[in-house]
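What follows is the content of entry-v4.cif, which has mmCIF, C-alpha atoms:
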data_run
loop_
_atom_site.label_atom_id
_atom_site.label_comp_id
_atom_site.auth_asym_id
_atom_site.auth_seq_id
_atom_site.Cartn_x
_atom_site.Cartn_y
_atom_site.Cartn_z
CA MET A 1 0.00 0.00 0.00
CA ARG A 2 2.80 2.41 0.90
CA ALA A 3 4.61 1.60 -2.37
CA PHE A 4 1.49 2.34 -4.35
CA PHE A 5 1.07 5.80 -2.84
CA SER A 6 4.75 6.58 -3.03
CA SER A 7 5.08 5.63 -6.65
CA SER A 8 1.93 7.33 -7.86
CA PRO A 9 2.46 10.64 -9.58
CA LYS A 10 1.43 13.69 -7.54
CA ARG A 11 -1.95 15.00 -8.39
CA ARG A 12 -1.73 18.32 -10.16
CA GLU A 13 -3.82 20.96 -8.50
CA PRO A 14 -5.74 23.31 -10.69
CA ASP A 15 -4.32 26.75 -11.18
CA ALA A 16 -5.50 28.80 -8.15
CA GLY A 17 -4.37 32.13 -9.45
CA PRO A 18 -1.75 34.26 -7.65
CA PRO A 19 0.28 32.89 -4.71
CA ALA A 20 -1.48 32.80 -1.34
CA GLU A 21 0.57 35.61 0.11
CA GLU A 22 -0.67 37.96 -2.61
CA THR A 23 -4.38 37.31 -2.24
CA PRO A 24 -6.52 40.17 -0.92
CA ALA A 25 -7.79 38.09 2.01
CA LEU A 26 -4.30 37.25 3.21
CA ARG A 27 -3.16 40.83 2.79
CA MET A 28 -6.08 41.94 4.97
CA ARG A 29 -5.15 39.40 7.66
CA VAL A 30 -1.49 40.52 7.64
CA SER A 31 -2.53 44.17 7.76
CA GLY A 32 -4.85 43.44 10.67
CA ARG A 33 -2.08 41.73 12.59
CA ARG A 34 0.24 44.68 11.98
CA ARG A 35 -2.39 47.12 13.21
CA ALA A 36 -2.85 45.06 16.36
CA VAL A 37 0.88 45.12 17.02
CA LEU A 38 0.99 48.89 16.51
CA VAL A 39 -1.98 49.42 18.84
CA ARG A 40 -0.38 47.30 21.57
CA THR A 41 2.89 49.21 21.15
CA ALA A 42 1.09 52.57 21.40
CA VAL A 43 -0.78 51.48 24.54
CA TRP A 44 2.41 50.37 26.29
CA ALA A 45 4.15 53.61 25.23
CA ALA A 46 1.28 55.66 26.68
CA LEU A 47 1.39 53.73 29.93
CA ALA A 48 5.16 54.25 30.16
CA ALA A 49 4.92 57.96 29.38
CA GLY A 50 2.22 58.66 31.98
CA PRO A 51 4.39 58.45 35.13
CA LEU A 52 7.28 60.15 33.34
CA ALA A 53 5.11 63.06 32.33
CA LEU A 54 3.82 63.33 35.90
CA ALA A 55 7.37 63.29 37.29
CA VAL A 56 8.50 65.99 34.89
CA SER A 57 5.53 68.22 35.71
CA CYS A 58 6.21 67.84 39.44
CA ALA A 59 9.89 68.52 39.02
CA VAL A 60 9.60 71.72 37.03
CA PRO A 61 9.22 74.86 39.24
CA HIS A 62 6.29 77.17 38.54
CA GLY A 63 7.30 80.81 38.79
CA VAL A 64 4.04 82.46 37.70
CA VAL A 65 1.66 83.71 40.38
CA ARG A 66 -1.90 84.00 39.15
CA THR A 67 -3.91 86.46 41.23
CA ARG A 68 -7.25 85.39 39.76
CA PRO A 69 -8.15 81.87 38.68
CA ALA A 70 -8.78 81.27 35.02
CA PRO A 71 -12.45 80.68 34.19
CA ALA A 72 -13.53 77.11 33.83
CA ALA A 73 -13.96 75.69 30.35
CA SER A 74 -17.36 76.57 28.96
CA SER A 75 -19.44 75.49 26.03
CA ALA A 76 -19.73 77.65 22.95
CA GLY A 77 -22.94 78.16 21.11
CA ASP A 78 -22.14 75.34 18.70
CA GLY A 79 -21.57 72.92 21.60
CA ALA A 80 -17.78 72.76 21.19
CA ALA A 81 -15.80 73.02 24.46
CA GLN A 82 -13.53 76.03 24.75
CA SER A 83 -9.90 75.94 25.86
CA VAL A 84 -8.68 78.78 28.12
CA VAL A 85 -4.96 79.60 28.05
CA ASP A 86 -2.78 81.37 30.64
CA PRO A 87 -0.81 83.79 28.41
CA SER A 88 2.26 84.05 30.68
CA GLY A 89 4.42 82.08 28.26
CA SER A 90 3.33 84.23 25.33
CA ALA A 91 4.18 87.37 27.30
CA GLN A 92 7.68 86.04 27.98
CA VAL A 93 8.24 85.26 24.30
CA PHE A 94 6.91 88.63 23.21
CA LEU A 95 9.11 90.65 25.57
CA ALA A 96 12.22 88.74 24.51
CA LEU A 97 11.42 89.34 20.83
CA TRP A 98 10.49 92.99 21.43
CA LEU A 99 13.84 93.67 23.12
CA ARG A 100 15.67 91.90 20.25
CA ALA A 101 13.72 93.79 17.62
CA GLY A 102 15.48 97.04 18.54
CA SER A 103 18.76 95.70 17.17
CA SER A 104 19.41 96.81 13.61
CA GLY A 105 19.14 94.09 11.04
CA ASP A 106 17.10 91.63 13.17
CA ALA A 107 14.26 91.43 10.70
CA ALA A 108 13.14 88.04 12.02
CA ALA A 109 12.49 89.46 15.50
CA VAL A 110 10.59 92.41 14.03
CA ALA A 111 8.40 90.08 11.96
CA ALA A 112 7.69 87.91 14.99
CA VAL A 113 6.69 90.98 17.02
CA ARG A 114 4.39 92.13 14.22
CA ALA A 115 2.71 88.71 14.18
CA MET A 116 1.93 88.89 17.91
CA ALA A 117 1.30 92.65 18.10
CA PRO A 118 0.41 94.21 14.72
CA SER A 119 0.08 97.77 16.06
CA VAL A 120 2.95 97.86 18.57
CA ALA A 121 6.07 99.93 17.88
CA VAL A 122 9.46 98.31 18.31
CA PRO A 123 12.29 99.99 20.26
CA VAL A 124 15.27 101.68 18.66
CA TRP A 125 18.57 101.21 20.49
CA GLY A 126 21.37 103.71 20.47
CA GLU A 127 24.99 102.97 21.14
CA HIS A 128 24.35 100.32 23.79
CA ALA A 129 21.76 97.69 22.93
CA PRO A 130 20.48 95.71 25.92
CA ALA A 131 22.02 92.27 26.35
CA VAL A 132 19.25 90.12 27.79
CA GLU A 133 20.15 87.05 29.84
CA ARG A 134 16.62 85.72 30.31
CA VAL A 135 12.99 86.72 30.77
CA PHE A 136 10.41 85.11 33.00
CA ALA A 137 6.85 85.88 34.05
CA VAL A 138 6.38 86.73 37.72
CA ARG A 139 2.73 87.78 37.88
CA ALA A 140 -0.36 87.24 35.74
CA VAL A 141 -3.61 89.12 36.36
CA GLN A 142 -6.81 88.37 34.48
CA VAL A 143 -8.24 91.87 34.07
CA SER A 144 -11.48 90.69 32.48
CA GLY A 145 -12.75 87.66 30.65
CA ALA A 146 -10.26 87.75 27.77
CA ALA A 147 -7.90 90.53 28.88
CA TRP A 148 -4.72 89.83 30.86
CA SER A 149 -1.79 91.80 32.21
CA VAL A 150 1.40 89.79 32.67
CA THR A 151 4.40 91.21 34.52
CA VAL A 152 7.62 89.87 33.03
CA ALA A 153 11.06 90.25 34.58
CA ALA A 154 14.01 90.79 32.24
CA GLU A 155 17.51 90.06 33.49
CA PHE A 156 20.18 92.09 31.69
CA ARG A 157 23.94 91.79 31.48
CA ALA A 158 26.14 94.65 32.63
CA SER A 159 26.06 96.13 29.12
CA ALA A 160 22.35 96.87 29.40
CA PRO A 161 21.35 100.53 28.97
CA PRO A 162 21.02 102.40 32.26
CA SER A 163 17.63 102.94 33.80
CA PRO A 164 16.08 106.44 33.70
CA GLY A 165 17.61 107.12 37.12
CA GLY A 166 21.08 106.70 35.65
CA ALA A 167 22.14 103.46 37.36
CA ALA A 168 22.28 100.16 35.55
CA SER A 169 19.69 97.70 36.83
CA ALA A 170 20.27 93.96 36.59
CA VAL A 171 16.56 93.09 36.62
CA ARG A 172 13.78 95.24 35.23
CA TYR A 173 10.06 94.55 35.07
CA PHE A 174 7.59 95.09 32.23
CA ALA A 175 3.80 94.76 32.18
CA VAL A 176 2.54 93.21 28.93
CA PRO A 177 -1.19 93.63 28.08
CA LEU A 178 -2.73 90.75 26.13
CA VAL A 179 -6.08 89.54 24.87
CA VAL A 180 -6.69 85.79 24.63
CA SER A 181 -9.20 84.22 22.26
CA PRO A 182 -10.28 80.77 23.49
CA GLY A 183 -9.66 77.77 21.33
CA LYS A 184 -12.08 74.99 20.45
CA PRO A 185 -10.22 71.67 20.51
CA LYS A 186 -13.12 69.69 19.04
CA THR A 187 -13.24 71.90 15.95
CA GLY A 188 -9.47 72.34 15.59
CA VAL A 189 -9.46 76.05 16.49
CA VAL A 190 -6.35 76.82 18.57
CA PRO A 191 -6.28 79.63 21.18
CA GLY A 192 -4.99 83.00 19.97
CA VAL A 193 -2.99 85.63 21.89
CA THR A 194 -2.63 89.26 20.79
CA VAL A 195 -0.51 91.90 22.52
CA THR A 196 -2.53 95.11 22.47
CA ALA A 197 0.15 97.70 23.35
CA ALA A 198 3.85 98.12 23.94
CA PRO A 199 5.10 96.90 27.33
CA ALA A 200 5.11 99.31 30.27
CA GLU A 201 8.15 99.31 32.56
CA VAL A 202 6.94 98.97 36.13
CA ALA A 203 8.41 98.72 39.60
CA ALA A 204 9.57 95.45 41.07
CA PRO A 205 6.91 93.48 42.97
CA ALA A 206 6.60 94.69 46.53
CA ALA A 207 7.91 92.56 49.37
CA ALA A 208 5.32 90.46 51.17
CA LYS A 209 3.87 91.86 54.37
CA ASP A 210 3.26 90.10 57.68
CA VAL A 211 6.21 87.75 57.20
CA PRO A 212 6.52 85.50 60.25
CA SER A 213 9.57 86.01 62.42
CA LEU A 214 11.74 82.90 62.24
CA ASP A 215 13.72 84.10 65.25
CA ALA A 216 10.54 83.95 67.29
CA LEU A 217 9.51 80.59 65.84
CA TYR A 218 12.92 79.02 66.46
CA GLY A 219 13.77 80.75 69.70
CA ALA A 220 15.83 78.12 71.51
CA GLU A 221 19.56 77.90 70.80
CA VAL A 222 20.70 74.27 70.56
CA SER A 223 23.93 73.27 72.31
CA ALA A 224 26.65 72.52 69.77
CA GLY A 225 27.71 69.16 71.18
CA SER A 226 24.26 67.85 72.07
CA PRO A 227 22.79 64.69 70.46
CA LEU A 228 20.27 66.86 68.60
CA ALA A 229 22.94 69.11 67.08
CA VAL A 230 25.24 66.18 66.23
CA THR A 231 22.44 64.29 64.43
CA ALA A 232 21.39 67.37 62.42
CA GLY A 233 24.97 68.27 61.47
CA GLU A 234 25.99 64.75 60.45
CA PHE A 235 22.78 64.28 58.45
CA LEU A 236 23.25 67.53 56.48
CA ALA A 237 26.93 66.76 55.85
CA ALA A 238 25.94 63.40 54.33
CA TYR A 239 22.94 64.81 52.48
CA ALA A 240 24.73 67.81 50.92
CA SER A 241 27.66 65.66 49.76
CA GLY A 242 25.34 63.17 48.05
CA SER A 243 26.43 60.35 50.35
CA SER A 244 24.14 57.37 50.83
CA GLY A 245 24.99 57.63 54.52
CA ALA A 246 22.21 60.18 54.96
CA GLU A 247 19.65 57.37 54.97
CA ARG A 248 20.73 56.05 58.35
CA TYR A 249 19.62 59.30 60.01
CA LEU A 250 16.04 59.05 58.67
CA ALA A 251 13.10 57.89 60.75
CA PRO A 252 11.41 54.62 59.70
CA GLY A 253 9.15 55.11 56.69
CA VAL A 254 10.82 58.38 55.62
CA THR A 255 12.52 58.63 52.23
CA LEU A 256 14.48 61.57 50.85
CA PRO A 257 15.82 61.73 47.27
CA ALA A 258 19.58 62.18 47.12
CA LEU A 259 21.23 65.26 45.60
CA VAL A 260 22.56 64.07 42.23
CA PRO A 261 25.19 65.02 41.29
CA ALA A 262 26.66 65.79 44.71
CA PRO A 263 27.00 69.60 44.80
CA TYR A 264 29.22 70.10 47.86
CA ALA A 265 32.45 68.74 49.25
CA GLY A 266 31.78 69.66 52.87
CA VAL A 267 29.39 71.38 55.27
CA SER A 268 30.11 73.46 58.39
CA VAL A 269 27.29 74.09 60.85
CA GLU A 270 27.10 77.75 61.88
CA ARG A 271 24.02 77.84 64.09
CA ILE A 272 21.17 75.57 65.17
CA SER A 273 17.98 76.91 66.75
CA ALA A 274 14.86 75.00 67.72
CA ASP A 275 11.23 75.47 68.71
CA GLY A 276 11.95 73.45 71.85
CA HIS A 277 14.47 71.06 73.47
CA GLY A 278 17.15 73.74 73.51
CA ASP A 279 19.51 71.52 75.52
CA GLY A 280 19.50 69.00 72.67
CA ALA A 281 19.17 65.96 74.91
CA VAL A 282 17.27 62.95 73.60
CA ALA A 283 13.64 63.14 74.72
CA ALA A 284 11.03 60.44 75.25
CA ASP A 285 10.03 58.29 72.30
CA GLY A 286 7.63 60.09 69.99
CA SER A 287 8.81 63.57 70.96
CA ARG A 288 9.32 65.94 68.04
CA VAL A 289 11.33 69.10 67.55
CA ARG A 290 11.79 71.44 64.60
CA LEU A 291 15.18 72.94 63.81
CA ARG A 292 16.53 75.77 61.71
CA VAL A 293 20.09 74.82 60.74
CA GLN A 294 22.32 77.48 59.19
CA VAL A 295 25.33 75.99 57.42
CA THR A 296 28.15 76.96 55.08
CA ALA A 297 28.57 74.45 52.25
CA ARG A 298 31.80 74.34 50.23
CA ASP A 299 31.89 73.26 46.61
CA ALA A 300 34.80 71.65 44.78
CA ALA A 301 35.99 75.02 43.43
CA GLY A 302 36.27 76.54 46.90
CA GLY A 303 32.99 78.47 46.75
CA GLN A 304 31.09 79.00 49.98
CA TRP A 305 27.31 78.72 50.01
CA PRO A 306 25.33 80.00 53.03
CA LEU A 307 22.35 77.65 53.26
CA THR A 308 19.53 77.24 55.77
CA TYR A 309 17.70 73.95 56.30
CA ALA A 310 14.51 73.38 58.27
CA LEU A 311 14.30 69.90 59.77
CA GLU A 312 11.82 68.05 61.91
CA LEU A 313 13.32 65.36 64.13
CA SER A 314 11.65 62.69 66.23
CA ALA A 315 12.99 60.74 69.20
CA ARG A 316 13.04 56.93 69.09
CA GLN A 317 14.94 54.38 71.15
CA GLY A 318 17.36 56.85 72.66
CA ARG A 319 18.29 58.76 69.48
CA TRP A 320 17.07 61.60 67.29
CA GLU A 321 15.96 60.78 63.72
CA VAL A 322 15.11 63.08 60.81
CA ALA A 323 11.38 62.91 60.17
CA ALA A 324 11.00 65.66 57.53
CA LEU A 325 12.79 68.28 55.47
CA GLN A 326 10.56 71.37 55.59
CA SER A 327 10.38 74.97 54.42
CA GLY A 328 10.73 76.44 57.90
CA LEU A 329 7.44 78.35 57.67
CA GLU A 330 5.12 75.57 58.82
CA PRO A 331 2.86 76.61 61.74
CA ALA A 332 3.37 75.16 65.18
CA GLY A 333 2.18 71.58 65.40
CA SER A 334 2.38 71.11 61.64
CA ARG A 335 3.59 67.76 60.35
CA ALA A 336 3.91 68.87 56.72
CA VAL A 337 6.80 67.14 55.00
CA GLY A 338 9.08 69.10 52.68
CA GLY A 339 11.45 66.67 51.01
CA GLY A 340 10.82 63.41 52.83
CA GLN A 341 7.84 61.11 52.65
CA ARG A 342 6.24 59.17 55.45
#
Whole structure given in structure tokens:
Amino acid sequence: MRAFFSSSPKRREPDAGPPAEETPALRMRVSGRRRAVLVRTAVWAALAAGPLALAVSCAVPHGVVRTRPAPAASSAGDGAAQSVVDPSGSAQVFLALWLRAGSSGDAAAVAAVRAMAPSVAVPVWGEHAPAVERVFAVRAVQVSGAAWSVTVAAEFRASAPPSPGGAASAVRYFAVPLVVSPGKPKTGVVPGVTVTAAPAEVAAPAAAKDVPSLDALYGAEVSAGSPLAVTAGEFLAAYASGSSGAERYLAPGVTLPALVPAPYAGVSVERISADGHGDGAVAADGSRVRLRVQVTARDAAGGQWPLTYALELSARQGRWEVAALQSGLEPAGSRAVGGGQR
């Protein structure tokens, strides 16, 4: 039987047209599989980017102070949601371009100014054109629904033109008036920003009033050789030098990200004051004390940095442990954590 089947000539199949891999059905199946792979890849990429985006947004400092909250997104007459934009970034860009536009031959800056502010005149510099280091928004006020006034600080190099008083000023402030047209994301209309007039140079923001007295808050001088002072000094020396040894001074459950790269080669404690436990002796378990530690940190180039750290320490098993890195302005009894996490 096996010989019969092995010796018989192979049956010739009828011509089925083009090879299987070229048929429309197979091409559709291959295309579907490719789409599935791309979708899975996109999903995993989105999942991976989510925490990263959150970390970046938390890490970036926010220098703009908004005195009035932006209005919540509303619905336009055609049912498309509107997008409201804080124009602080646009004000920064405009002021930088406006200062550049005064330089002869910078046609690109002039064109960019005209696009953002069609009716605004550009400056004309004399012998000394301002050399701008950077610009940054420090205050944004929503005057009315679409009208804003953004105060932008401009930091100049020493070659900047002198102020009207005759003395060169390193930082000068300009108020930029803008009107914002809301965008409609569902219809593809992006928000628009128009500068309505030339910037106005204004005074620096006033200092805050009713600032709490830290001397009154941290009124007890801590003895230099006490357990409290030794723990705080050794912790800051390890922390400022980027050493992993800082972890052994932390209370259980507290984590503190290391300084990377290590910025300092050494730390000298100048003064330690506390809101209690001035003698610095170890107290009963669970006792807490807040410190203001003034130090001088030295970098590798020999520079000296006067720094002040606010720490909260807790007593446990006959020793002091760092429970939090704070701002120093927390009210009495506060357990707010600055750098550490519990």
>> Need to verify the contact set: A:Gly328, 10 Å, only C-alpha atoms, exclusion of same-chain residues closer than 2 positions in sequence. Can you return it as an MDAnalysis selection string?
In response: chainID A and resid 214 217:218 290:293 308:312 325:326 330:331 338
Check what the PyMOL selection byres ((chain A and resi 153) around 6) selects in the file above and give those residues as a PDB file with C-alpha atoms, in the coordinates of the input.
ATOM      1  CA  VAL A 135      12.990  86.720  30.770  1.00  0.00           C
ATOM      2  CA  PHE A 136      10.410  85.110  33.000  1.00  0.00           C
ATOM      3  CA  VAL A 152       7.620  89.870  33.030  1.00  0.00           C
ATOM      4  CA  ALA A 154      14.010  90.790  32.240  1.00  0.00           C
ATOM      5  CA  ARG A 172      13.780  95.240  35.230  1.00  0.00           C
ATOM      6  CA  TYR A 173      10.060  94.550  35.070  1.00  0.00           C
TER       7      TYR A 173
END
Using the chain letters and numbering of this document, enumerate as a tab-separated table (two decimals) with C-alpha atoms, keeping the file's coordinate frame the residues selected by the PyMOL selection byres ((chain A and resi 229) around 12).
chain	number	residue	atom	x	y	z
A	221	GLU	CA	19.56	77.90	70.80
A	222	VAL	CA	20.70	74.27	70.56
A	223	SER	CA	23.93	73.27	72.31
A	224	ALA	CA	26.65	72.52	69.77
A	225	GLY	CA	27.71	69.16	71.18
A	226	SER	CA	24.26	67.85	72.07
A	227	PRO	CA	22.79	64.69	70.46
A	228	LEU	CA	20.27	66.86	68.60
A	230	VAL	CA	25.24	66.18	66.23
A	231	THR	CA	22.44	64.29	64.43
A	232	ALA	CA	21.39	67.37	62.42
A	233	GLY	CA	24.97	68.27	61.47
A	234	GLU	CA	25.99	64.75	60.45
A	235	PHE	CA	22.78	64.28	58.45
A	236	LEU	CA	23.25	67.53	56.48
A	269	VAL	CA	27.29	74.09	60.85
A	270	GLU	CA	27.10	77.75	61.88
A	271	ARG	CA	24.02	77.84	64.09
A	272	ILE	CA	21.17	75.57	65.17
A	273	SER	CA	17.98	76.91	66.75
A	274	ALA	CA	14.86	75.00	67.72
A	277	HIS	CA	14.47	71.06	73.47
A	278	GLY	CA	17.15	73.74	73.51
A	279	ASP	CA	19.51	71.52	75.52
A	280	GLY	CA	19.50	69.00	72.67
A	281	ALA	CA	19.17	65.96	74.91
A	282	VAL	CA	17.27	62.95	73.60
A	289	VAL	CA	11.33	69.10	67.55
A	290	ARG	CA	11.79	71.44	64.60
A	291	LEU	CA	15.18	72.94	63.81
A	292	ARG	CA	16.53	75.77	61.71
A	293	VAL	CA	20.09	74.82	60.74
A	294	GLN	CA	22.32	77.48	59.19
A	311	LEU	CA	14.30	69.90	59.77
A	313	LEU	CA	13.32	65.36	64.13
A	319	ARG	CA	18.29	58.76	69.48
A	320	TRP	CA	17.07	61.60	67.29
A	321	GLU	CA	15.96	60.78	63.72
A	322	VAL	CA	15.11	63.08	60.81
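For the file shown, the residue list from the PyMOL selection byres ((chain A and resi 252-258) around 9) reads Tyr239, Ala240, Gly242, Ser243, Ser244, Ala246, Glu247, Leu250, Ala251, Leu259, Val260, Pro261, Ala262, Glu321, Val322, Ala323, Ala324, Leu325, Gly339, Gly340, Gln341 and Arg342 of chain A.
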> What does the distance between atom CA of A:Ser287 and atom CA of A:Tyr249 come to in Å, to one decimal place?
Replying inline: 16.0 Å
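Nearest residue to A:Trp125 among A:Val138, A:Val150, A:Gly102, A:Ala108 is A:Gly102, counting only C-alpha atoms.
Computed from the coordinates, the atom CA of A:Pro118 to atom CA of A:Ser181 distance equals 15.8 Å.
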> Which is closer to A:Arg134 than all the others in A:Ala170, A:Ala265, A:Ala175, A:Ala96, using only C-alpha atoms?
Replying inline: A:Ala96
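The shortest atom-to-atom distance to A:Trp98, with only C-alpha atoms taken into account, belongs to A:Pro199 out of A:Pro306, A:Pro199, A:Pro182, A:Gly245.
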> Which distance in Å separates atom CA of A:Thr196 and atom CA of A:Val176, to one decimal?
Replying inline: 8.4 Å
Which polymer residues, protein or nucleic acid, are no farther than 12 Å from (11.1, 89.1, 14.2), counting only C-alpha atoms, as an mmCIF file with C-alpha atoms, in the coordinates of the input?
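Okay, part20.cif is ready:
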data_model
loop_
_atom_site.group_PDB
_atom_site.id
_atom_site.type_symbol
_atom_site.label_atom_id
_atom_site.label_comp_id
_atom_site.auth_asym_id
_atom_site.auth_seq_id
_atom_site.Cartn_x
_atom_site.Cartn_y
_atom_site.Cartn_z
ATOM 1 C CA VAL A 93 8.240 85.260 24.300
ATOM 2 C CA PHE A 94 6.910 88.630 23.210
ATOM 3 C CA LEU A 95 9.110 90.650 25.570
ATOM 4 C CA ALA A 96 12.220 88.740 24.510
ATOM 5 C CA LEU A 97 11.420 89.340 20.830
ATOM 6 C CA TRP A 98 10.490 92.990 21.430
ATOM 7 C CA LEU A 99 13.840 93.670 23.120
ATOM 8 C CA ARG A 100 15.670 91.900 20.250
ATOM 9 C CA ALA A 101 13.720 93.790 17.620
ATOM 10 C CA GLY A 102 15.480 97.040 18.540
ATOM 11 C CA SER A 103 18.760 95.700 17.170
ATOM 12 C CA SER A 104 19.410 96.810 13.610
ATOM 13 C CA GLY A 105 19.140 94.090 11.040
ATOM 14 C CA ASP A 106 17.100 91.630 13.170
ATOM 15 C CA ALA A 107 14.260 91.430 10.700
ATOM 16 C CA ALA A 108 13.140 88.040 12.020
ATOM 17 C CA ALA A 109 12.490 89.460 15.500
ATOM 18 C CA VAL A 110 10.590 92.410 14.030
ATOM 19 C CA ALA A 111 8.400 90.080 11.960
ATOM 20 C CA ALA A 112 7.690 87.910 14.990
ATOM 21 C CA VAL A 113 6.690 90.980 17.020
ATOM 22 C CA ARG A 114 4.390 92.130 14.220
ATOM 23 C CA ALA A 115 2.710 88.710 14.180
ATOM 24 C CA MET A 116 1.930 88.890 17.910
ATOM 25 C CA ALA A 117 1.300 92.650 18.100
ATOM 26 C CA PRO A 118 0.410 94.210 14.720
ATOM 27 C CA VAL A 122 9.460 98.310 18.310
#
>> When you count only C-alpha atoms, which of these residues is closest to A:Val143: A:Gly266, A:Gly286, A:Pro177, A:Gly318?
In response: A:Pro177
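Nearest-residue note for A:His128: choosing from A:Gln304, A:Ala207, A:Arg157, A:Ala197, the minimum distance belongs to A:Arg157, counting all atoms listed in the file.
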>> Just want the 6 Å neighbourhood of A:Asp299, counted on all atoms listed in the file, with same-chain residues fewer than 3 positions away dropped. Output as a ChimeraX atom specification.
In response: /A:264-265,302-303
